[in-house]
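Structure, as structure tokens:
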Amino acid sequence: MLSLVLTALLSQTPDAGVDDDARNLTVITGSRTERKAADSVVATEVITRAQIEQLAVRDLVQLMQQQPGVELVYTNRGVGLRLQGLDPQYVLILVDGQRISGRSGAFTDISRFSLREIERVEIVKGPAAALYGADAIGGVINLITRNPQKAFEAALRGSFGTLMEGDLRGYVGSKLGDFELRAGGGYRTRNPYDWDPSNVAQNGAGIRRLDGDVEAAWVPTDKFRLWVRTGYVFTDLNAIDQNDTNAVFDRFQRTEQFDVWAGGRGTVGDTTVTVRGHFGLFRDQFLVDQRASTALDSYTQNRTRLWEGSAQVDHRLGRHTLTGGVDVLSELLLSDRLNPGFVQRARIGVFVQDEWVLADHGPRVAIVPGFRFDGDTQFGGAPSPRLAVKVDPSPAVTLRASWGLGFRPPTFEELYLQFSNPGIGYVVAGNPQLKPEHSGSVNVGVDWRPPLEGWVVSVSAWHTSMTDLINVSANGVPNPDDPVKFTYANVANAYTQGVEGSVRAKFSKGTYLELGYTGLDAKDLTRGRQLEGRSAHKVNAQVVSKYRPVGLEGVLRATWYSPRPFYSGSGLGFANVLGYGDEHTIWAPGYFDLEATLTYTRDLWRSFGFKLFVTGYNLLNSGDANFNPRPPRGVLGGMQLEI
């Protein structure tokens with residue numbers, strides 16, 4: 001039925017555009033300063049608010065599920081994402097350019113972001129440590145929040161679907177004179193799911209999440225802004241585990257995240273000064289409760305406190321835009337699994353960058369050298385240089401290239417935590433002797449805009465080498481009677497390299513097609529094998545059509561992943577937990593991911609809008625209990641009211 005609707009839409013001639021030229025969008029992540037996307041020396045992908053609404057997505061996971069060049073990683077402690085073949089711990093997640101408190105394991109769980117108040121999502125692939133420091137080896141995902149534009153604006157969205165999934169969220173904002181105020185909140189719930197009905201264990205946890213935030217700003221002129229924002233996220237995850245002796249365990253995880261941000265930005269002449277501060281609290285409680293017994297019960301509580309501050313100066317001087325600043329960070333972890341009970345570290349980073357436009361008549365050439373040095377109380381110092389170049393030989397062609405070094409210090413979990421899961425039969429022990437991982441990366445790309453309105457062809461390639469890679473080693477196979485011990489060590493060198501290509505074709509003012517391909521070669525040089533869990537090939541396709549006379553809009557997204565290798569004896573990987581034996585390679589089958597959304601929009605009265613939507617996700621029911629524990633086929637339907 002949906003395919004017939006999309007066919008009908010494609011045969012029509014819409015009367016209004018579906019989006020603007022992406023080159024005119026404002027971006028900030030690639031340079032830490034506002035630029036038009038067309039002028040950004042570092043390639044920055046943007047997902048706009050209009051596209052977020054268009055896809056009717058409920059959270060960042062669903063938005064990124066079929067994004068070209070992105071691969072999601074599902075675990076029992078959340079969902080992370082890979083960029084350019086690098087695992088979630090190498091991808092830095094920011095909100096308005098600042099870190100958020102709390103990690104689930106070694107990475108930030110992106111399922112906690114509801115997108116309720118996100119104006120756009122910016123994606124920078126490749127090394128970004130020269131500006132952002134640690135953890136930005138694979139790239140940066142920056143969530144930019146929206147600012148109120150009217151005296152009163154509000155939105156209410158509700159949806160319900162498979163797995164008894166319910167989602168309710170609201171937003172209200174006001175811009176009165178020099179003051180802006182916005183607030184929002186949401187509640188989401190979903191039952192657990194299971195790919196293997198032969199036992200009581202569940203592959204996907206049930207979710208109960210409550211979140212809210214408030215922001216106030218004083219904006220007397222377009223060159224001066226002061227703001228303060230606070231937010232809170234409460235999440236409960238629950239599932240059932242079963243071990244080889246058929247003992248059954250109820251697993252509960254509760255996380256609470258509280259953040260306060262404050263800052264100001266002012267411009268005088270050609271100089272802009274930005275000062276920001278952030279305080280975050282994160283509490284993670286993990287309970288394993290054995291049914292009909294207390295012998296293997298386990299409870300862990302971890303609390304993280306994060307202090308962060310930054311000061312940045314941007315100054316225009318002829319053909320140069322100079323950027324310099326300092327970032328400071330202090331992190332404290334308190335846990336009943338630590339001795340003496342807490343650990344703390346501090347880091348200071350100093351960065352400088354020069355965006356130099358060598359020529360802006362004829363072929364435009366810009367070069368951006370940058371350098372950052374981070375000093376850490378645990379691992380010492382780490383330099384992070386970067387050089388980026390952009391050339392526009394003609395209005396239709398843009399060439400970009402960048403080189404950079406990066407680093408990732410070990411997390412507190414990798415250094416110190418003692419974690420056990422008696423249900424499956426393993427213990428994870430930190431290693432305080434770990435060293436930081438280091439990387440060197442090269443990225444090149446070309447964008448071509450043929451003489452057809454709305455058409456863009458992009459091709460890029462990259463190579464990232466990694467040294468002192470932190471791997472997990474084990475002294476056996478998980479066993480409830482004799483738990484295996486996993487620990488961390490700097491034992492590997494590795495690389496990821498590949499190519500990425502995309503075509504965006506606009507057929508009319510409301511209909512376009514996007515095609516994408518990612519080819520990946522990711523290898524562990526120490527072991528002489530491909531890195532675990534990566535697909536060598538990924539193909540994306542998306543069709544969007546909007547027909548205003550009847551208020552209908554359809555989106556069809558499809559992704560194909562090639563088979564992925566997993567290895568026994570590789571730590572906490574799926575193959576090892578399943579006990580397939582030493583050094584056995586298991587090839588997880590390739591799969592298709594298909595998603596479709598149909599939206600009906602109508603303006604009821606003046607600025608009062610009404611929207612109905614239905615989304616079918618994972619329509620081909622791709623997934624399994626061992627290698628691809630993603631949510632099974634489902635449908636969500638809902639309604640949105642907006643003023």
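For the structure tokens, the naming scheme is as follows: chains receive sequential letters (A, B, ...) according to their order of presentation, residues are indexed from 1 within each chain, and ligands are indexed from 1 in presentation order.
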Item checked: Residue contacts of Val456 (chain A) (10 Å, only C-alpha atoms) excluding same-chain residues fewer than 2 positions away, as an NGL selection string -> :A and (396-397 or 447-454 or 458 or 502-506 or 514)
Deliver the residues from the most recent selection as a file, using N, CA and C atoms, as a PDB file, in the first residue's frame.
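Result file result-v8.pdb:
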ATOM      1  N   ALA A 396      31.232  24.658  -9.696  1.00  0.00           N
ATOM      2  CA  ALA A 396      30.574  23.348  -9.662  1.00  0.00           C
ATOM      3  C   ALA A 396      31.384  22.292  -8.928  1.00  0.00           C
ATOM      4  N   VAL A 397      32.641  22.592  -8.582  1.00  0.00           N
ATOM      5  CA  VAL A 397      33.521  21.572  -8.013  1.00  0.00           C
ATOM      6  C   VAL A 397      34.176  22.099  -6.740  1.00  0.00           C
ATOM      7  N   ASP A 447      33.293  17.250  -4.200  1.00  0.00           N
ATOM      8  CA  ASP A 447      31.862  17.458  -4.447  1.00  0.00           C
ATOM      9  C   ASP A 447      31.703  18.057  -5.838  1.00  0.00           C
ATOM     10  N   TRP A 448      30.788  17.486  -6.608  1.00  0.00           N
ATOM     11  CA  TRP A 448      30.506  17.985  -7.959  1.00  0.00           C
ATOM     12  C   TRP A 448      29.018  18.266  -8.078  1.00  0.00           C
ATOM     13  N   ARG A 449      28.708  19.478  -8.508  1.00  0.00           N
ATOM     14  CA  ARG A 449      27.324  19.885  -8.700  1.00  0.00           C
ATOM     15  C   ARG A 449      27.064  20.044 -10.191  1.00  0.00           C
ATOM     16  N   PRO A 450      26.496  19.019 -10.812  1.00  0.00           N
ATOM     17  CA  PRO A 450      26.244  19.088 -12.257  1.00  0.00           C
ATOM     18  C   PRO A 450      25.218  20.179 -12.573  1.00  0.00           C
ATOM     19  N   PRO A 451      25.108  20.554 -13.846  1.00  0.00           N
ATOM     20  CA  PRO A 451      24.181  21.636 -14.214  1.00  0.00           C
ATOM     21  C   PRO A 451      22.718  21.201 -14.182  1.00  0.00           C
ATOM     22  N   LEU A 452      22.326  20.593 -13.107  1.00  0.00           N
ATOM     23  CA  LEU A 452      20.946  20.184 -12.866  1.00  0.00           C
ATOM     24  C   LEU A 452      20.580  20.637 -11.462  1.00  0.00           C
ATOM     25  N   GLU A 453      19.507  21.356 -11.302  1.00  0.00           N
ATOM     26  CA  GLU A 453      19.134  21.907 -10.006  1.00  0.00           C
ATOM     27  C   GLU A 453      18.957  20.806  -8.967  1.00  0.00           C
ATOM     28  N   GLY A 454      19.663  20.973  -7.837  1.00  0.00           N
ATOM     29  CA  GLY A 454      19.501  20.048  -6.731  1.00  0.00           C
ATOM     30  C   GLY A 454      20.305  18.770  -6.832  1.00  0.00           C
ATOM     31  N   SER A 458      29.151  13.303  -4.562  1.00  0.00           N
ATOM     32  CA  SER A 458      30.261  13.420  -3.617  1.00  0.00           C
ATOM     33  C   SER A 458      31.006  12.093  -3.535  1.00  0.00           C
ATOM     34  N   SER A 502      28.253   9.325  -2.744  1.00  0.00           N
ATOM     35  CA  SER A 502      26.821   9.590  -2.672  1.00  0.00           C
ATOM     36  C   SER A 502      26.374  10.418  -3.861  1.00  0.00           C
ATOM     37  N   VAL A 503      25.122  10.240  -4.234  1.00  0.00           N
ATOM     38  CA  VAL A 503      24.485  11.003  -5.307  1.00  0.00           C
ATOM     39  C   VAL A 503      23.144  11.487  -4.794  1.00  0.00           C
ATOM     40  N   ARG A 504      22.904  12.767  -4.938  1.00  0.00           N
ATOM     41  CA  ARG A 504      21.611  13.332  -4.591  1.00  0.00           C
ATOM     42  C   ARG A 504      20.994  13.889  -5.861  1.00  0.00           C
ATOM     43  N   ALA A 505      19.853  13.324  -6.237  1.00  0.00           N
ATOM     44  CA  ALA A 505      19.195  13.701  -7.483  1.00  0.00           C
ATOM     45  C   ALA A 505      17.820  14.271  -7.189  1.00  0.00           C
ATOM     46  N   LYS A 506      17.586  15.481  -7.648  1.00  0.00           N
ATOM     47  CA  LYS A 506      16.303  16.149  -7.437  1.00  0.00           C
ATOM     48  C   LYS A 506      15.484  16.064  -8.715  1.00  0.00           C
ATOM     49  N   GLU A 514      18.349   9.855  -2.997  1.00  0.00           N
ATOM     50  CA  GLU A 514      19.724   9.841  -2.522  1.00  0.00           C
ATOM     51  C   GLU A 514      20.240   8.410  -2.536  1.00  0.00           C
TER      52      GLU A 514
END
Note to self: List the spatial neighbours of Ser545 (chain A) as a list of chain:residue names - criterion: any atom at most 7 Å away, only C-alpha atoms, same-chain residues fewer than 2 positions off excluded.
What the structure shows: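 Everything that qualifies: A:Leu9, A:Leu10, A:Gly510, A:Thr511, A:Tyr512, A:Val543, A:Tyr547, A:Glu553, A:Gly554, A:Val555.
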Please produce a file of those selected residues containing C-alpha atoms, as a short mmCIF file (atom, residue, chain, number, x, y, z; two decimals), in the first residue's frame.
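Resulting contents of selection39.cif:
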data_model
loop_
_atom_site.label_atom_id
_atom_site.label_comp_id
_atom_site.auth_asym_id
_atom_site.auth_seq_id
_atom_site.Cartn_x
_atom_site.Cartn_y
_atom_site.Cartn_z
CA LEU A 9 3.39 10.95 -5.31
CA LEU A 10 6.32 10.55 -7.70
CA GLY A 510 9.32 18.04 -3.91
CA THR A 511 10.89 14.75 -4.94
CA TYR A 512 14.48 13.59 -4.69
CA VAL A 543 13.39 8.44 -1.74
CA TYR A 547 2.87 16.82 -2.59
CA GLU A 553 4.81 13.31 2.23
CA GLY A 554 6.45 9.92 1.88
CA VAL A 555 9.94 8.71 2.77
#
Next item on the list: Within 10 Å of Val219 (chain A), counting only C-alpha atoms, which residues show up once you throw out same-chain ones fewer than 2 positions away? Write them as a list of chain:residue names, please.
Entry: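 Close residues of Val219 (chain A): A:Lys175, A:Gly177, A:Asp178, A:Phe179, A:Glu180, A:Ala216, A:Ala217, A:Thr221, A:Asp222, A:Lys223, A:Phe224, A:Arg225, A:Leu226, A:Trp227, A:Gly264, A:Arg265.
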Export N, CA and C atoms of the chosen residues as a PDB file, in the first residue's frame?
ATOM      1  N   LYS A 175      10.055  34.226  22.445  1.00  0.00           N
ATOM      2  CA  LYS A 175      11.042  35.281  22.227  1.00  0.00           C
ATOM      3  C   LYS A 175      10.325  36.613  22.389  1.00  0.00           C
ATOM      4  N   GLY A 177      11.188  40.526  23.098  1.00  0.00           N
ATOM      5  CA  GLY A 177      12.219  41.551  23.205  1.00  0.00           C
ATOM      6  C   GLY A 177      13.602  40.940  23.215  1.00  0.00           C
ATOM      7  N   ASP A 178      14.354  41.235  24.273  1.00  0.00           N
ATOM      8  CA  ASP A 178      15.730  40.748  24.366  1.00  0.00           C
ATOM      9  C   ASP A 178      15.841  39.362  24.995  1.00  0.00           C
ATOM     10  N   PHE A 179      14.722  38.775  25.377  1.00  0.00           N
ATOM     11  CA  PHE A 179      14.773  37.533  26.144  1.00  0.00           C
ATOM     12  C   PHE A 179      14.183  36.366  25.350  1.00  0.00           C
ATOM     13  N   GLU A 180      14.813  35.205  25.546  1.00  0.00           N
ATOM     14  CA  GLU A 180      14.337  33.958  24.966  1.00  0.00           C
ATOM     15  C   GLU A 180      14.187  32.926  26.084  1.00  0.00           C
ATOM     16  N   ALA A 216      17.212  29.639  29.174  1.00  0.00           N
ATOM     17  CA  ALA A 216      16.894  31.065  29.129  1.00  0.00           C
ATOM     18  C   ALA A 216      18.087  31.794  28.535  1.00  0.00           C
ATOM     19  N   ALA A 217      17.803  32.831  27.747  1.00  0.00           N
ATOM     20  CA  ALA A 217      18.867  33.582  27.098  1.00  0.00           C
ATOM     21  C   ALA A 217      18.510  35.061  27.055  1.00  0.00           C
ATOM     22  N   THR A 221      21.398  42.226  21.313  1.00  0.00           N
ATOM     23  CA  THR A 221      21.714  42.502  19.911  1.00  0.00           C
ATOM     24  C   THR A 221      22.107  41.183  19.256  1.00  0.00           C
ATOM     25  N   ASP A 222      22.225  41.218  17.928  1.00  0.00           N
ATOM     26  CA  ASP A 222      22.638  40.006  17.230  1.00  0.00           C
ATOM     27  C   ASP A 222      24.123  39.711  17.419  1.00  0.00           C
ATOM     28  N   LYS A 223      24.836  40.578  18.150  1.00  0.00           N
ATOM     29  CA  LYS A 223      26.258  40.373  18.398  1.00  0.00           C
ATOM     30  C   LYS A 223      26.574  40.032  19.851  1.00  0.00           C
ATOM     31  N   PHE A 224      25.540  39.827  20.646  1.00  0.00           N
ATOM     32  CA  PHE A 224      25.777  39.513  22.051  1.00  0.00           C
ATOM     33  C   PHE A 224      24.698  38.554  22.540  1.00  0.00           C
ATOM     34  N   ARG A 225      25.126  37.520  23.276  1.00  0.00           N
ATOM     35  CA  ARG A 225      24.174  36.528  23.777  1.00  0.00           C
ATOM     36  C   ARG A 225      24.702  35.915  25.071  1.00  0.00           C
ATOM     37  N   LEU A 226      23.838  35.842  26.081  1.00  0.00           N
ATOM     38  CA  LEU A 226      24.105  35.126  27.326  1.00  0.00           C
ATOM     39  C   LEU A 226      23.042  34.048  27.490  1.00  0.00           C
ATOM     40  N   TRP A 227      23.434  32.866  27.942  1.00  0.00           N
ATOM     41  CA  TRP A 227      22.455  31.801  28.082  1.00  0.00           C
ATOM     42  C   TRP A 227      22.791  30.894  29.264  1.00  0.00           C
ATOM     43  N   GLY A 264      28.373  32.728  27.259  1.00  0.00           N
ATOM     44  CA  GLY A 264      28.133  34.016  26.628  1.00  0.00           C
ATOM     45  C   GLY A 264      29.003  34.173  25.405  1.00  0.00           C
ATOM     46  N   ARG A 265      28.493  34.967  24.461  1.00  0.00           N
ATOM     47  CA  ARG A 265      29.248  35.244  23.250  1.00  0.00           C
ATOM     48  C   ARG A 265      29.033  36.697  22.860  1.00  0.00           C
TER      49      ARG A 265
END
Check: Taking only C-alpha atoms into account, which of A:Ile137, A:Val326, A:Ala536, A:Val248 comes nearest Pro409 (chain A)?
Finding: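 Among the listed residues, the smallest separation from Pro409 (chain A) belongs to A:Ile137.
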Item checked: Using only C-alpha atoms: which of A:Asn24, A:Asp289, A:Thr245, A:Ala311 has the shortest distance to Lys36 (chain A) ->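 Result for the nearest residue to Lys36 (chain A): A:Asn24.
Distance check against Glu45 (chain A) using only C-alpha atoms: of A:Gln89, A:Ser508, A:Ser114, A:Asn142, the minimum falls on A:Asn142.
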Checklist line | Two-atom distance - CA of Trp261 (chain A), CA of Thr274 (chain A) (Å) | finding: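 Distance between the two atoms: 13.3 Å.
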Surrounding residues of Thr304 (chain A) excluding itself and chain neighbours under 5 positions, 6 Å, only C-alpha atoms, as a PDB file with C-alpha atoms, in the first residue's frame:
ATOM      1  CA  LEU A 281      26.308  14.468  37.090  1.00  0.00           C
ATOM      2  CA  PHE A 282      25.739  10.903  35.916  1.00  0.00           C
ATOM      3  CA  LEU A 332      35.551  12.343  39.068  1.00  0.00           C
ATOM      4  CA  LEU A 333      34.306   8.756  39.283  1.00  0.00           C
TER       5      LEU A 333
END
Next item on the list: Would you please extract all alpha helix (DSSP H) residues from region 358-548 of chain A, as assigned by DSSP on the backbone, and give them as number ranges by chain?
Entry: A: 412-415
Notebook entry, point to check: In terms of the shortest atom-to-atom distance over only C-alpha atoms, which of A:Lys390, A:Arg319, A:Arg58, A:Arg408 is closest to Gly445 (chain A)?
Noted result: A:Lys390
